[in-house]
Amino acid sequence: MGYLPFVLLWGLPQIWENSEGSSDLHSLPASPRFFPLRCLQISSFANSSWTRTDGLGWVGELQAYTWRNDSDTIVFLKPWSQGTLSDQLANQLQHIFKGYRSSFTRDIREFVKMLGSDSFQGTDIMSFQGTSWVSAPDAPPWMQRVCRVLNEDQGTKETVQWLLYDICPQFVRGVLETGKSELEKQVKPEAWLSSGPTPGPGRLLLVCHVSGFYPKPVWVMWMRGEQEQPGTQQGDILPHADGTWYLRVTLDVAAGEASGLSCRVKHSSLGDQDIILYWDHSHVLVIVLSVLAFILVLGGSFAFWFRRRRVYQNIQ
């Protein structure tokens with residue numbers, strides 16, 4: 001059947017430095033310890049003669065690997081991406097993955113012919129457990145037949161076991177060691193408040209901006225005292241060009257209820273020193289001045305237009 005180990009690498013469990021790492025945003029650790037290894041293979045089969053396979057890999061939030069359709073090798077994007085693997089072992093793995101890609105295309109086509117099906121519909125259909133391929137609980141009945149065929153290929157099963165239980169732990173430990181400084185990088189956020197477009201008569205849209213933070217997990221909430229405001233709306237966390245992140249969090253409130261509200265920011269780089277920004281009267285004054293400035297500009301523009309119109313009429 002050919003090599004199928006790369007599928008298993010895509011399904012690796014999350015890896016961390018120790019089991020005490022926490023993903024709870026209300027108690028973010030001072031130093032991140034949790035670095036999932038995530039891989040994605042995208043294989044497209046347009047017809048019986050055209051196919052394309054690309055791959056991507058991340059350690060934590062950092063993309064460390066890429067595998068393009070027109071390349072015979074996986075590209076290490078970071079100086080530490082190879083971990084502590086020797087060049088000889090890395091080359092051996094590259095050779096296995098190259099063989100895998102060519103055989104994967106052939107095997108999928110053979111399965112389609114064998115099963116009389118032309119689509120897998122993106123469903124989870126099987127996994128490798130212990131020493132055998134096992135059909136997923138919700139897989140179609142014909143998956144049992146596929147697993148029996150795969151389990152007859154002893155050479156591939158041994159290769160998968162070797163990769164999964166010997167090489168992968170060694171590889172991950174090495175990557176966490178060589179990439180430690182970049183993986184554990186901490187950048188403190190900057191935060192500021194502003195007002196957004198008026199939601200309606202007598203209402204304000206309070207905006208809390210949090211920018212330049214790393215790593216990505218962050219907790220931002222509009223508060224009144226120690227009470228979280230349930231109307232808080234969080235936008236998407238967006239990337240900066242330097243690898244840090246930006247977040248915008250809003251709250252729609254009645255104008256008379258804005259006083260006493262604050263925006264609270266928790267991030268691992270801050271330790272226990274949360275950022276707390278208060279919405280006070282100075283922000284209300286800024287809003288009023290902005291509105292007055294807009295009215296003045298609008299009035300000046302209207303007066304200018306009116307004078308020009310009168311001049312034009314006098315000429316006529």
# chains A, B, ... in the order shown; residues from 1 in each chain; ligands from 1
call {"tool": "closest_atom_pairs", "arguments": {"of": "range 132-211 of chain A", "to": "range 230-254 of chain A", "cutoff": "10 Å", "atoms": "only C-alpha atoms", "output": "Markdown table"}}
result
| residue | atom | partner | partner_atom | distance |
| --- | --- | --- | --- | --- |
| A:Gln186 | CA | A:Thr244 | CA | 9.7 |
| A:Val187 | CA | A:Thr244 | CA | 7.8 |
| A:Lys188 | CA | A:Thr244 | CA | 9.7 |
| A:Pro189 | CA | A:Trp245 | CA | 8.7 |
| A:Glu190 | CA | A:Tyr246 | CA | 9.4 |
| A:Ala191 | CA | A:Leu247 | CA | 9.5 |
| A:Leu193 | CA | A:Val249 | CA | 9.7 |
| A:Ser194 | CA | A:Thr250 | CA | 9.6 |
| A:Ser195 | CA | A:Thr250 | CA | 8.9 |
| A:Gly196 | CA | A:Thr250 | CA | 8.3 |
| A:Thr198 | CA | A:Asp252 | CA | 8.9 |
| A:Pro199 | CA | A:Asp252 | CA | 7.1 |
| A:Gly200 | CA | A:Ala254 | CA | 9.2 |
| A:Pro201 | CA | A:Ala254 | CA | 8.9 |
| A:Gly202 | CA | A:Ala254 | CA | 6.0 |
| A:Arg203 | CA | A:Ala254 | CA | 4.3 |
| A:Leu204 | CA | A:Val253 | CA | 5.4 |
| A:Leu205 | CA | A:Asp252 | CA | 4.6 |
| A:Leu206 | CA | A:Leu251 | CA | 5.1 |
| A:Val207 | CA | A:Thr250 | CA | 4.5 |
| A:Cys208 | CA | A:Val249 | CA | 5.1 |
| A:His209 | CA | A:Arg248 | CA | 4.8 |
| A:Val210 | CA | A:Leu247 | CA | 5.2 |
| A:Ser211 | CA | A:Tyr246 | CA | 4.2 |
call {"tool": "residues_around", "arguments": {"residues": "range 262-270 of chain A", "least_positions_apart": "4", "cutoff": "7 Å", "atoms": "only C-alpha atoms", "output": "count of residues only"}}
result
21
call {"tool": "closest_atom_pairs", "arguments": {"of": "range 17-112 of chain A", "to": "range 149-166 of chain A", "cutoff": "12 Å", "atoms": "only C-alpha atoms", "output": "Markdown table"}}
result
| residue | atom | partner | partner_atom | distance |
| --- | --- | --- | --- | --- |
| A:Leu89 | CA | A:Leu163 | CA | 11.5 |
| A:Gln92 | CA | A:Leu163 | CA | 11.5 |
| A:Leu93 | CA | A:Leu163 | CA | 9.1 |
| A:Ile96 | CA | A:Thr159 | CA | 9.2 |
| A:Phe97 | CA | A:Leu163 | CA | 11.2 |
| A:Gly99 | CA | A:Thr156 | CA | 11.7 |
| A:Tyr100 | CA | A:Thr156 | CA | 10.2 |
| A:Ser103 | CA | A:Thr156 | CA | 11.4 |
| A:Asp107 | CA | A:Leu150 | CA | 10.3 |
| A:Glu110 | CA | A:Val149 | CA | 11.5 |
| A:Phe111 | CA | A:Val149 | CA | 9.9 |
call {"tool": "write_last_selection", "arguments": {"atoms": "N, CA and C atoms", "output": "CSV table (one decimal), in the first residue's frame"}}
result
chain,number,residue,atom,x,y,z
A,89,LEU,N,19.1,11.8,10.1
A,89,LEU,CA,17.7,11.4,10.4
A,89,LEU,C,16.7,12.3,9.7
A,92,GLN,N,16.4,11.2,6.2
A,92,GLN,CA,15.7,10.0,6.1
A,92,GLN,C,14.2,10.2,6.2
A,93,LEU,N,13.8,11.1,7.1
A,93,LEU,CA,12.4,11.5,7.2
A,93,LEU,C,11.9,12.2,5.9
A,96,ILE,N,11.1,9.6,3.4
A,96,ILE,CA,9.8,8.9,3.7
A,96,ILE,C,8.6,9.7,3.3
A,97,PHE,N,8.7,11.0,3.6
A,97,PHE,CA,7.5,11.9,3.3
A,97,PHE,C,7.4,12.1,1.8
A,99,GLY,N,8.1,9.8,-0.4
A,99,GLY,CA,7.5,8.5,-0.9
A,99,GLY,C,6.0,8.5,-0.5
A,100,TYR,N,5.7,9.1,0.7
A,100,TYR,CA,4.3,9.1,1.2
A,100,TYR,C,3.4,9.9,0.2
A,103,SER,N,2.6,8.0,-3.0
A,103,SER,CA,1.8,6.8,-2.7
A,103,SER,C,0.4,7.2,-2.2
A,107,ASP,N,-3.0,5.7,-3.6
A,107,ASP,CA,-3.8,4.9,-2.7
A,107,ASP,C,-5.2,5.4,-2.7
A,110,GLU,N,-7.1,4.3,-5.6
A,110,GLU,CA,-7.4,2.9,-5.6
A,110,GLU,C,-8.6,2.7,-4.6
A,111,PHE,N,-8.6,3.4,-3.5
A,111,PHE,CA,-9.7,3.2,-2.6
A,111,PHE,C,-11.0,3.7,-3.2
call {"tool": "select_by_dssp", "arguments": {"residues": "range 108-186 of chain A", "states": "helix (DSSP H, G or I)", "output": "PyMOL selection string"}}
result
chain A and resi 108-115+143-151+154-178+180-183
call {"tool": "closest_residue", "arguments": {"among": "A:Asp272, A:Glu177, A:Asp280, A:Glu61", "to": "Leu85 in chain A", "atoms": "only C-alpha atoms"}}
result
A:Glu177
